[in-house]
Number of protein chains: 2
Amino acid sequence: MSGLRIKYLKPALVAEHLARADALCAATGARLTPLRRRVLELVVRSGRPVGAYELLDQMRACGHKGAPPTVYRALDFLQQQGLVHRIAMANAYVACSHPGCDHHALIFVCTECGNALELEETQVKASVAARAEAVGFRVPGQPIEVAGTCPLCQEGRP
Amino acid sequence: MSGLRIKYLKPALVAEHLARADALCAATGARLTPLRRRVLELVVRSGRPVGAYELLDQMRACGHKGAPPTVYRALDFLQQQGLVHRIAMANAYVACSHPGCDHHALIFVCTECGNALELEETQVKASVAARAEAVGFRVPGQPIEVAGTCPLCQEGRP
DNA sequence: AAACGAAATGTTATATTATAACGTTTTCAC
DNA sequence: GTGAAAACGTTATAATATAACATTTCGTTT
């Protein structure tokens, strides 16, 4: 991960994302508390996978006195609600781009810049499911991470 | 990960695996030193994904005075040679089941027992490649991790 | 064989990521 | 209001991984 292109989402898109989260949680009875909502907002605003301690620093920069468990608990909740995905290969967390739907099957992660692209997808999902069935594995609908190089980083731009 | 079934490979299979590694490294000029070979042997013998510190403990149990970098460097080398895969979701390392071929495309990882199953695969690989091309991502041939539950763990056996 | 440079290994310290454990506060149902 | 459960605060620590630099080994050249 060399040049970490910063990529903040437009405020309007952030607001829209949060509103959708509000609606989803209201529908399921899950409690999107101010703290959890704040963490989600930070993840959404980043527009890319961010580390837990990065989020913690941002919380602190905004005056919040928090420790790691604060962030990790919020992230756990957000993952359970399908609002955030954990990218294992990057030890990072990214906002789900289609919360509410469970079409999300594929996340391309750029090993150069750290950005990620989540796709709605059926073909890969289907072929994985077929293969899983063949060997007796049961696979839940979690997104699949694929490492690669994004278009921008392929052009030599760091 | 509840019941961690122990699953040691038969000595004959371990020897065969190591011999193949010897041959591959001899062919490419890579130096499979005693230390690296020892680490590979431990990974192969485990027959499942193992943590770096687990390997370190085994090294120490056999009288080797080593520190983390020792194991991590050996693992880095083995990964470069395609002899070992890192399972990011488990922070663990597993022997490649088809070293030398690059058919490996898919690794099912059981979140219950921690075992993994590596498959030679073309369908998933092809659909991922198609999707990657559509969005401009370049994806190297690294195996794809898929979390799930293995047949044994589905039967209630921990 | 001696000397050199590069690769590998040893060693110490520390960074990074994540969770355990327990106390306090808030929230909600009754 | 009261009690139980959920959420949050706080401290400490576990688990994973790497930085930095010294030493040794190895292959090559002289």
# chains A, B, ... in the order shown; residues from 1 in each chain; ligands from 1
>>> closest_atom_pairs(of="chain C", to="chain A", cutoff="10 Å", atoms="only C-alpha atoms (C1' of nucleotides)", output="CSV")
residue,atom,partner,partner_atom,distance
C:DT16,C1',A:Tyr53,CA,9.0
C:DT17,C1',A:Asn91,CA,7.5
C:DA18,C1',A:Tyr72,CA,8.1
C:DT19,C1',A:Pro69,CA,7.9
>>> interface_residues(of="chain A", to="chain D", cutoff="10 Å", atoms="only C-alpha atoms (C1' of nucleotides)", output="MDAnalysis selection string")
chainID A and resid 31 33 35 65:67 69:70 73
>>> interface_residues(of="chain B", to="chain A", cutoff="7 Å", atoms="only C-alpha atoms", output="list in words")
Ala88, Met89, Gln123, Val124, Ser127, Val128, Gly136, Phe137, Arg138, Val139, Pro140, Ile144, Val146, Ala147, Gly148, Thr149, Cys150 and Pro151 of chain B
>>> calpha_fit_and_write(fixed="chain A", moving="chain B", output="tab-separated table (two decimals) with C-alpha atoms, in the first residue's frame")
chain	number	residue	atom	x	y	z
B	1	MET	CA	0.08	-0.02	-0.04
B	2	SER	CA	2.03	2.92	-1.32
B	3	GLY	CA	0.12	6.07	-2.03
B	4	LEU	CA	-3.20	5.77	-0.16
B	5	ARG	CA	-5.35	8.01	-2.24
B	6	ILE	CA	-7.67	9.90	0.02
B	7	LYS	CA	-11.22	9.63	-1.13
B	8	TYR	CA	-13.88	11.28	0.95
B	9	LEU	CA	-17.46	10.80	-0.01
B	10	LYS	CA	-19.68	13.77	-0.69
B	11	PRO	CA	-21.66	14.85	2.37
B	12	ALA	CA	-24.93	14.21	0.59
B	13	LEU	CA	-23.98	10.61	-0.10
B	14	VAL	CA	-22.86	10.16	3.48
B	15	ALA	CA	-26.18	11.48	4.74
B	16	GLU	CA	-28.03	9.19	2.38
B	17	HIS	CA	-26.02	6.22	3.58
B	18	LEU	CA	-26.72	7.04	7.21
B	19	ALA	CA	-30.40	7.53	6.53
B	20	ARG	CA	-30.55	4.10	4.97
B	21	ALA	CA	-28.83	2.69	8.03
B	22	ASP	CA	-31.34	4.41	10.27
B	23	ALA	CA	-34.18	2.94	8.28
B	24	LEU	CA	-32.74	-0.56	8.27
B	25	CYS	CA	-32.10	-0.58	11.99
B	26	ALA	CA	-35.49	0.89	12.72
B	27	ALA	CA	-37.03	-1.90	10.67
B	28	THR	CA	-35.19	-4.67	12.51
B	29	GLY	CA	-35.28	-3.10	15.93
B	30	ALA	CA	-31.50	-2.89	16.11
B	31	ARG	CA	-30.26	0.05	18.13
B	32	LEU	CA	-28.09	2.32	16.03
B	33	THR	CA	-26.94	4.39	18.99
B	34	PRO	CA	-25.16	7.73	18.58
B	35	LEU	CA	-21.82	6.06	19.18
B	36	ARG	CA	-22.40	3.35	16.59
B	37	ARG	CA	-23.80	5.85	14.17
B	38	ARG	CA	-20.75	8.02	14.63
B	39	VAL	CA	-18.44	5.11	13.85
B	40	LEU	CA	-20.50	4.23	10.80
B	41	GLU	CA	-20.32	7.82	9.65
B	42	LEU	CA	-16.55	7.81	9.90
B	43	VAL	CA	-16.33	4.58	7.93
B	44	VAL	CA	-18.73	5.85	5.28
B	45	ARG	CA	-17.00	9.20	4.96
B	46	SER	CA	-13.66	7.53	4.41
B	47	GLY	CA	-15.04	5.85	1.32
B	48	ARG	CA	-12.37	3.16	1.60
B	49	PRO	CA	-11.29	0.45	4.04
B	50	VAL	CA	-10.07	2.00	7.29
B	51	GLY	CA	-8.34	0.46	10.28
B	52	ALA	CA	-9.93	0.32	13.71
B	53	TYR	CA	-7.21	2.44	15.24
B	54	GLU	CA	-7.53	4.95	12.45
B	55	LEU	CA	-11.19	5.28	13.42
B	56	LEU	CA	-10.22	5.50	17.06
B	57	ASP	CA	-7.87	8.38	16.29
B	58	GLN	CA	-10.62	10.19	14.42
B	59	MET	CA	-12.97	9.69	17.34
B	60	ARG	CA	-10.38	11.12	19.68
B	61	ALA	CA	-9.71	14.03	17.36
B	62	CYS	CA	-13.38	14.89	17.72
B	63	GLY	CA	-13.12	14.97	21.48
B	64	HIS	CA	-14.34	11.47	22.21
B	65	LYS	CA	-12.44	9.71	24.98
B	66	GLY	CA	-12.49	6.13	23.81
B	67	ALA	CA	-10.46	2.97	23.97
B	68	PRO	CA	-10.11	0.18	21.38
B	69	PRO	CA	-13.10	-1.82	22.64
B	70	THR	CA	-15.34	1.13	21.92
B	71	VAL	CA	-14.54	1.03	18.24
B	72	TYR	CA	-14.38	-2.74	17.96
B	73	ARG	CA	-17.76	-3.16	19.59
B	74	ALA	CA	-19.32	-0.62	17.30
B	75	LEU	CA	-17.75	-2.32	14.31
B	76	ASP	CA	-19.03	-5.71	15.47
B	77	PHE	CA	-22.53	-4.34	15.67
B	78	LEU	CA	-22.29	-2.69	12.27
B	79	GLN	CA	-21.04	-5.92	10.75
B	80	GLN	CA	-23.91	-7.85	12.26
B	81	GLN	CA	-26.33	-5.38	10.73
B	82	GLY	CA	-24.62	-5.76	7.37
B	83	LEU	CA	-23.67	-2.10	7.32
B	84	VAL	CA	-19.94	-2.67	7.37
B	85	HIS	CA	-17.64	-5.38	6.02
B	86	ARG	CA	-14.36	-6.46	7.48
B	87	ILE	CA	-11.59	-6.84	4.93
B	88	ALA	CA	-9.48	-9.55	6.51
B	89	MET	CA	-6.56	-9.21	4.14
B	90	ALA	CA	-6.21	-5.55	5.10
B	91	ASN	CA	-7.32	-5.67	8.72
B	92	ALA	CA	-9.70	-2.92	7.76
B	93	TYR	CA	-13.37	-2.08	7.66
B	94	VAL	CA	-15.41	-0.65	4.83
B	95	ALA	CA	-18.99	0.49	4.53
B	96	CYS	CA	-21.26	-1.92	2.69
B	97	SER	CA	-22.21	-0.32	-0.57
B	98	HIS	CA	-25.60	-2.02	-0.78
B	99	PRO	CA	-26.83	-2.41	2.76
B	100	GLY	CA	-30.12	-4.19	3.01
B	101	CYS	CA	-29.63	-6.19	-0.15
B	102	ASP	CA	-27.55	-9.32	0.15
B	103	HIS	CA	-26.26	-9.22	-3.36
B	104	HIS	CA	-22.81	-8.30	-2.22
B	105	ALA	CA	-20.58	-11.16	-3.17
B	106	LEU	CA	-17.29	-9.74	-4.26
B	107	ILE	CA	-14.89	-7.12	-2.95
B	108	PHE	CA	-11.85	-6.27	-5.03
B	109	VAL	CA	-9.11	-4.87	-2.84
B	110	CYS	CA	-6.24	-2.95	-4.36
B	111	THR	CA	-2.99	-3.99	-2.72
B	112	GLU	CA	-1.32	-0.81	-3.98
B	113	CYS	CA	-3.58	1.94	-2.67
B	114	GLY	CA	-5.81	0.03	-0.29
B	115	ASN	CA	-9.05	1.06	-1.93
B	116	ALA	CA	-11.79	-1.47	-2.37
B	117	LEU	CA	-14.62	-1.99	-4.81
B	118	GLU	CA	-17.69	-3.95	-3.78
B	119	LEU	CA	-19.74	-5.49	-6.54
B	120	GLU	CA	-23.21	-6.88	-6.78
B	121	GLU	CA	-22.55	-10.22	-8.27
B	122	THR	CA	-24.22	-13.50	-9.08
B	123	GLN	CA	-21.85	-15.45	-11.32
B	124	VAL	CA	-18.97	-15.80	-8.87
B	125	LYS	CA	-21.35	-16.44	-6.04
B	126	ALA	CA	-23.04	-19.18	-8.02
B	127	SER	CA	-19.82	-20.91	-8.97
B	128	VAL	CA	-18.53	-20.76	-5.43
B	129	ALA	CA	-21.80	-22.19	-4.17
B	130	ALA	CA	-21.63	-25.00	-6.70
B	131	ARG	CA	-18.09	-25.86	-5.70
B	132	ALA	CA	-18.98	-25.65	-2.02
B	133	GLU	CA	-21.86	-28.03	-2.43
B	134	ALA	CA	-19.64	-30.46	-4.29
B	135	VAL	CA	-17.31	-30.73	-1.30
B	136	GLY	CA	-19.97	-30.44	1.36
B	137	PHE	CA	-19.07	-27.00	2.64
B	138	ARG	CA	-21.85	-24.69	3.72
B	139	VAL	CA	-21.05	-21.09	2.83
B	140	PRO	CA	-23.02	-18.15	4.17
B	141	GLY	CA	-23.41	-15.06	2.05
B	142	GLN	CA	-20.33	-13.20	3.21
B	143	PRO	CA	-18.52	-11.19	0.59
B	144	ILE	CA	-15.45	-12.71	-0.98
B	145	GLU	CA	-12.23	-10.73	-0.97
B	146	VAL	CA	-10.06	-10.67	-4.05
B	147	ALA	CA	-6.67	-9.01	-4.02
B	148	GLY	CA	-5.58	-7.12	-7.09
B	149	THR	CA	-4.55	-3.83	-8.58
B	150	CYS	CA	-7.09	-1.14	-9.30
B	151	PRO	CA	-7.22	0.68	-12.63
B	152	LEU	CA	-5.62	3.85	-11.29
B	153	CYS	CA	-2.71	2.05	-9.70
B	154	GLN	CA	-2.08	0.10	-12.88
B	155	GLU	CA	-1.35	3.36	-14.66
B	156	GLY	CA	1.71	3.94	-12.57
B	157	ARG	CA	0.02	6.59	-10.48
B	158	PRO	CA	0.92	5.64	-6.94
>>> select_by_dssp(residues="region 66-142 of chain B", states="strand (DSSP E)", output="JSON, numbers by chain")
{"B": [84, 85, 86, 87, 92, 93, 94, 95, 104, 105, 106, 107, 108, 109, 110, 116, 117, 118, 119, 120]}
>>> select_by_dssp(residues="region 7-72 of chain A", states="helix (DSSP H, G or I)", output="short mmCIF file (atom, residue, chain, number, x, y, z; two decimals) with N, CA and C atoms, in the first residue's frame")
data_model
loop_
_atom_site.label_atom_id
_atom_site.label_comp_id
_atom_site.auth_asym_id
_atom_site.auth_seq_id
_atom_site.Cartn_x
_atom_site.Cartn_y
_atom_site.Cartn_z
N PRO A 11 -20.74 14.80 1.19
CA PRO A 11 -21.63 14.86 2.35
C PRO A 11 -23.02 14.33 2.06
N ALA A 12 -23.54 14.65 0.90
CA ALA A 12 -24.90 14.22 0.58
C ALA A 12 -24.98 12.70 0.53
N LEU A 13 -23.95 12.08 -0.04
CA LEU A 13 -23.95 10.63 -0.11
C LEU A 13 -23.80 10.00 1.27
N VAL A 14 -23.01 10.66 2.10
CA VAL A 14 -22.85 10.16 3.47
C VAL A 14 -24.19 10.20 4.19
N ALA A 15 -24.85 11.33 4.06
CA ALA A 15 -26.15 11.49 4.71
C ALA A 15 -27.13 10.43 4.23
N GLU A 16 -27.09 10.20 2.94
CA GLU A 16 -28.00 9.21 2.37
C GLU A 16 -27.71 7.82 2.93
N HIS A 17 -26.43 7.53 3.02
CA HIS A 17 -26.02 6.23 3.56
C HIS A 17 -26.49 6.07 5.00
N LEU A 18 -26.30 7.12 5.78
CA LEU A 18 -26.70 7.05 7.19
C LEU A 18 -28.21 6.92 7.33
N ALA A 19 -28.92 7.63 6.46
CA ALA A 19 -30.37 7.55 6.51
C ALA A 19 -30.85 6.12 6.22
N ARG A 20 -30.19 5.50 5.27
CA ARG A 20 -30.55 4.12 4.95
C ARG A 20 -30.27 3.21 6.15
N ALA A 21 -29.13 3.48 6.83
CA ALA A 21 -28.81 2.70 8.02
C ALA A 21 -29.87 2.91 9.10
N ASP A 22 -30.26 4.14 9.29
CA ASP A 22 -31.31 4.43 10.26
C ASP A 22 -32.56 3.62 9.95
N ALA A 23 -32.94 3.65 8.69
CA ALA A 23 -34.17 2.97 8.28
C ALA A 23 -34.06 1.46 8.50
N LEU A 24 -32.92 0.91 8.11
CA LEU A 24 -32.74 -0.53 8.26
C LEU A 24 -32.79 -0.95 9.72
N CYS A 25 -32.11 -0.19 10.56
CA CYS A 25 -32.08 -0.54 11.98
C CYS A 25 -33.45 -0.35 12.61
N ALA A 26 -34.12 0.71 12.20
CA ALA A 26 -35.47 0.92 12.71
C ALA A 26 -36.37 -0.26 12.34
N ALA A 27 -36.16 -0.76 11.14
CA ALA A 27 -37.01 -1.87 10.66
C ALA A 27 -36.75 -3.15 11.44
N THR A 28 -35.51 -3.37 11.81
CA THR A 28 -35.18 -4.63 12.50
C THR A 28 -35.17 -4.48 14.01
N PRO A 34 -25.99 6.67 19.04
CA PRO A 34 -25.14 7.77 18.55
C PRO A 34 -23.70 7.33 18.34
N LEU A 35 -23.18 6.56 19.28
CA LEU A 35 -21.80 6.10 19.15
C LEU A 35 -21.62 5.24 17.90
N ARG A 36 -22.50 4.27 17.74
CA ARG A 36 -22.40 3.38 16.58
C ARG A 36 -22.60 4.15 15.28
N ARG A 37 -23.52 5.08 15.35
CA ARG A 37 -23.79 5.89 14.16
C ARG A 37 -22.59 6.75 13.80
N ARG A 38 -21.93 7.21 14.83
CA ARG A 38 -20.73 8.04 14.62
C ARG A 38 -19.63 7.21 13.95
N VAL A 39 -19.45 6.00 14.43
CA VAL A 39 -18.43 5.13 13.84
C VAL A 39 -18.79 4.82 12.40
N LEU A 40 -20.06 4.51 12.17
CA LEU A 40 -20.49 4.24 10.80
C LEU A 40 -20.24 5.45 9.91
N GLU A 41 -20.52 6.61 10.45
CA GLU A 41 -20.31 7.83 9.65
C GLU A 41 -18.83 7.97 9.26
N LEU A 42 -17.96 7.70 10.19
CA LEU A 42 -16.53 7.80 9.90
C LEU A 42 -16.12 6.80 8.82
N VAL A 43 -16.67 5.60 8.92
CA VAL A 43 -16.33 4.58 7.92
C VAL A 43 -16.87 4.99 6.56
N VAL A 44 -18.11 5.46 6.54
CA VAL A 44 -18.73 5.85 5.27
C VAL A 44 -17.97 7.01 4.65
N ARG A 45 -17.67 8.01 5.48
CA ARG A 45 -16.97 9.19 4.96
C ARG A 45 -15.62 8.86 4.37
N SER A 46 -14.98 7.87 4.93
CA SER A 46 -13.66 7.50 4.41
C SER A 46 -13.77 7.02 2.98
N ALA A 52 -9.22 -0.01 12.48
CA ALA A 52 -9.94 0.31 13.71
C ALA A 52 -9.25 1.43 14.48
N TYR A 53 -7.94 1.40 14.49
CA TYR A 53 -7.22 2.42 15.25
C TYR A 53 -7.23 3.77 14.53
N GLU A 54 -7.37 3.71 13.24
CA GLU A 54 -7.54 4.93 12.47
C GLU A 54 -8.87 5.59 12.87
N LEU A 55 -9.89 4.77 12.97
CA LEU A 55 -11.19 5.27 13.40
C LEU A 55 -11.09 5.81 14.83
N LEU A 56 -10.38 5.09 15.66
CA LEU A 56 -10.22 5.51 17.05
C LEU A 56 -9.56 6.88 17.12
N ASP A 57 -8.55 7.08 16.31
CA ASP A 57 -7.87 8.38 16.27
C ASP A 57 -8.82 9.48 15.85
N GLN A 58 -9.65 9.17 14.86
CA GLN A 58 -10.60 10.18 14.40
C GLN A 58 -11.63 10.50 15.48
N MET A 59 -12.04 9.48 16.20
CA MET A 59 -12.96 9.71 17.31
C MET A 59 -12.32 10.66 18.32
N ARG A 60 -11.08 10.34 18.64
CA ARG A 60 -10.38 11.14 19.65
C ARG A 60 -10.17 12.56 19.17
N ALA A 61 -9.87 12.69 17.88
CA ALA A 61 -9.68 14.03 17.32
C ALA A 61 -10.95 14.86 17.46
N PRO A 68 -9.86 1.14 22.48
CA PRO A 68 -10.13 0.21 21.38
C PRO A 68 -11.47 -0.52 21.47
N PRO A 69 -11.84 -1.05 22.62
CA PRO A 69 -13.12 -1.80 22.65
C PRO A 69 -14.30 -0.98 22.16
N THR A 70 -14.26 0.30 22.39
CA THR A 70 -15.35 1.16 21.92
C THR A 70 -15.55 0.99 20.42
N VAL A 71 -14.46 1.13 19.69
CA VAL A 71 -14.55 1.05 18.24
C VAL A 71 -14.86 -0.38 17.80
N TYR A 72 -14.20 -1.34 18.40
CA TYR A 72 -14.40 -2.72 17.97
C TYR A 72 -15.83 -3.18 18.23
#
